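First the structure, in the form of structure tokens, and then the observations on it.
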Amino acid sequence: MLSRLLFTIGVLVWCIPVNAIGLGEIRVNSWLGEPLNAVIEIVDGADIDLDDIIVSRVSEKEALNLGVDILPNDYVLTFKPFAEKNKLYVRLVTANPVREPMLHIIVRLQWLTGQNYREYTLFIDPKITR
């Protein structure tokens with residue numbers, strides 16, 4: 001009886017489609033003193049439509065509820081999902097120049113069947129002029 005129940009549960013779990021996507025590494029494409037321009041790859045997102053995802057920054061209060069203490073900053077981040085070469089990405093930009101060499105943020109990725117969070121610490125290098 002127990003083996004039949006375990007078999008049934010196993011078959012049900014195997015048949016349920018898993019559509020879990022995630023946030024990959026971040027690449028910063030700007031320098032200190034410039035507006036932020038960074039890109040995050042959306043991992044395993046090939047089957048997701050861009051219109052079905054929402055990417056946002058987690059507030060300080062939400063971060064504390066998640067058990068993470070983040071450094072406050074006043075930068076307004078804009079998240080723009082885009083597709084390139086059959087992969088999904090999110091571009092993070094600010095309108096104003098970034099003056100601190102380190103930004104600590106938590107990004108929330110939401111889609112029709114779930115959500116995911118990832119914590120990022122961005123180290124922004126000064127532009128070297130010679």
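Naming scheme: A, B, ... for chains in displayed order of the structure tokens; residues 1 onward per chain; ligands 1 onward as shown.
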
Practice problem: Name the residues of range 61-108 of chain A that fall into helix (DSSP H, G or I) according to DSSP on the backbone, using the chain letters and numbers of this document, as a list in words. | Solution: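 Matching residues, listed in order: Lys61, Glu62, Ala63, Leu64 and Asn65 of chain A.
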
Quiz prompt | 7 Å contact set for Trp31 in chain A, only C-alpha atoms, chain neighbours under 3 positions out, as a list in words | solution =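 Near neighbours after the sequence-gap exclusion: Glu34, Ile124, Asp125, Pro126 and Lys127 of chain A.
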
Go ahead and write the residues just picked, N, CA and C atoms, as a tab-separated table (two decimals), in the first residue's frame.
chain	number	residue	atom	x	y	z
A	34	GLU	N	29.32	57.71	-13.53
A	34	GLU	CA	28.42	57.63	-14.68
A	34	GLU	C	27.10	57.01	-14.23
A	124	ILE	N	31.74	49.17	-8.40
A	124	ILE	CA	31.83	50.02	-9.58
A	124	ILE	C	33.19	50.72	-9.57
A	125	ASP	N	33.99	50.41	-10.58
A	125	ASP	CA	35.36	50.93	-10.66
A	125	ASP	C	35.38	52.35	-11.18
A	126	PRO	N	36.35	53.15	-10.70
A	126	PRO	CA	36.53	54.48	-11.29
A	126	PRO	C	37.15	54.34	-12.67
A	127	LYS	N	36.83	55.27	-13.54
A	127	LYS	CA	37.40	55.26	-14.89
A	127	LYS	C	38.85	55.74	-14.80

Quiz item: Smallest atom-to-atom distance to Ala63 in chain A: which of A:Tyr117, A:Asn86, A:Lys80, A:Val39, using only C-alpha atoms?
Solution: A:Tyr117

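If you look at CA of Asn96 in chain A and CA of Ser30 in chain A, they are 12.1 Å away from each other.
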
Exercise. Can you list, as a ChimeraX atom specification, all residues belonging to range 7-118 of chain A that DSSP tags as strand (DSSP E)?
Key: /A:22-28,35-43,54-57,77-84,87-97,102-111,114-118

Quiz prompt | Selection: 8 Å around Glu119 in chain A, only C-alpha atoms, excl. self and same-chain fewer than 3 positions, as number ranges by chain | solution = A: 104-107

Practice problem: Find the spatial neighbours of Leu77 in chain A, counting only C-alpha atoms, within a cut-off of 9 Å - ignore same-chain residues fewer than 4 positions away - and output them as a PyMOL selection string. | Solution: chain A and resi 36+56-57+92-95

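When CA of Leu71 in chain A is paired with CA of Tyr89 in chain A, their separation reads 25.0 Å.
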
Quiz item: Could you pull the residues within 6 Å of Val98 in chain A, counting only C-alpha atoms, minus those fewer than 4 positions along the same chain, as a list in words?
Solution: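 Near neighbours after the sequence-gap exclusion: Leu32, Gly33, Glu34 and Pro35 of chain A.
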
Quiz item: Using only C-alpha atoms, which residues sit within 6 Å of Met102 in chain A once same-chain residues fewer than 2 positions away are excluded, as a list in words?
Solution: Glu100, Leu122 and Phe123 of chain A

Self-check item: Residues near Glu84 in chain A, cut-off 12 Å, only C-alpha atoms, skip fewer than 2 positions along chain, as a ChimeraX atom specification
Solution: /A:39,41-42,45-46,50,81-82,86-91

Quiz item: Which residue out of A:Arg118, A:Thr78, A:Ile21, A:Asp44 has the minimum interatomic distance to Leu66 in chain A when only C-alpha atoms are used?
Solution: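 Nearest to Leu66 in chain A: A:Arg118.
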
Quiz prompt | One-decimal distance in Å that lies between CA of Trp111 in chain A and CA of Ile48 in chain A | solution =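 Between these atoms lies a distance of 8.2 Å.
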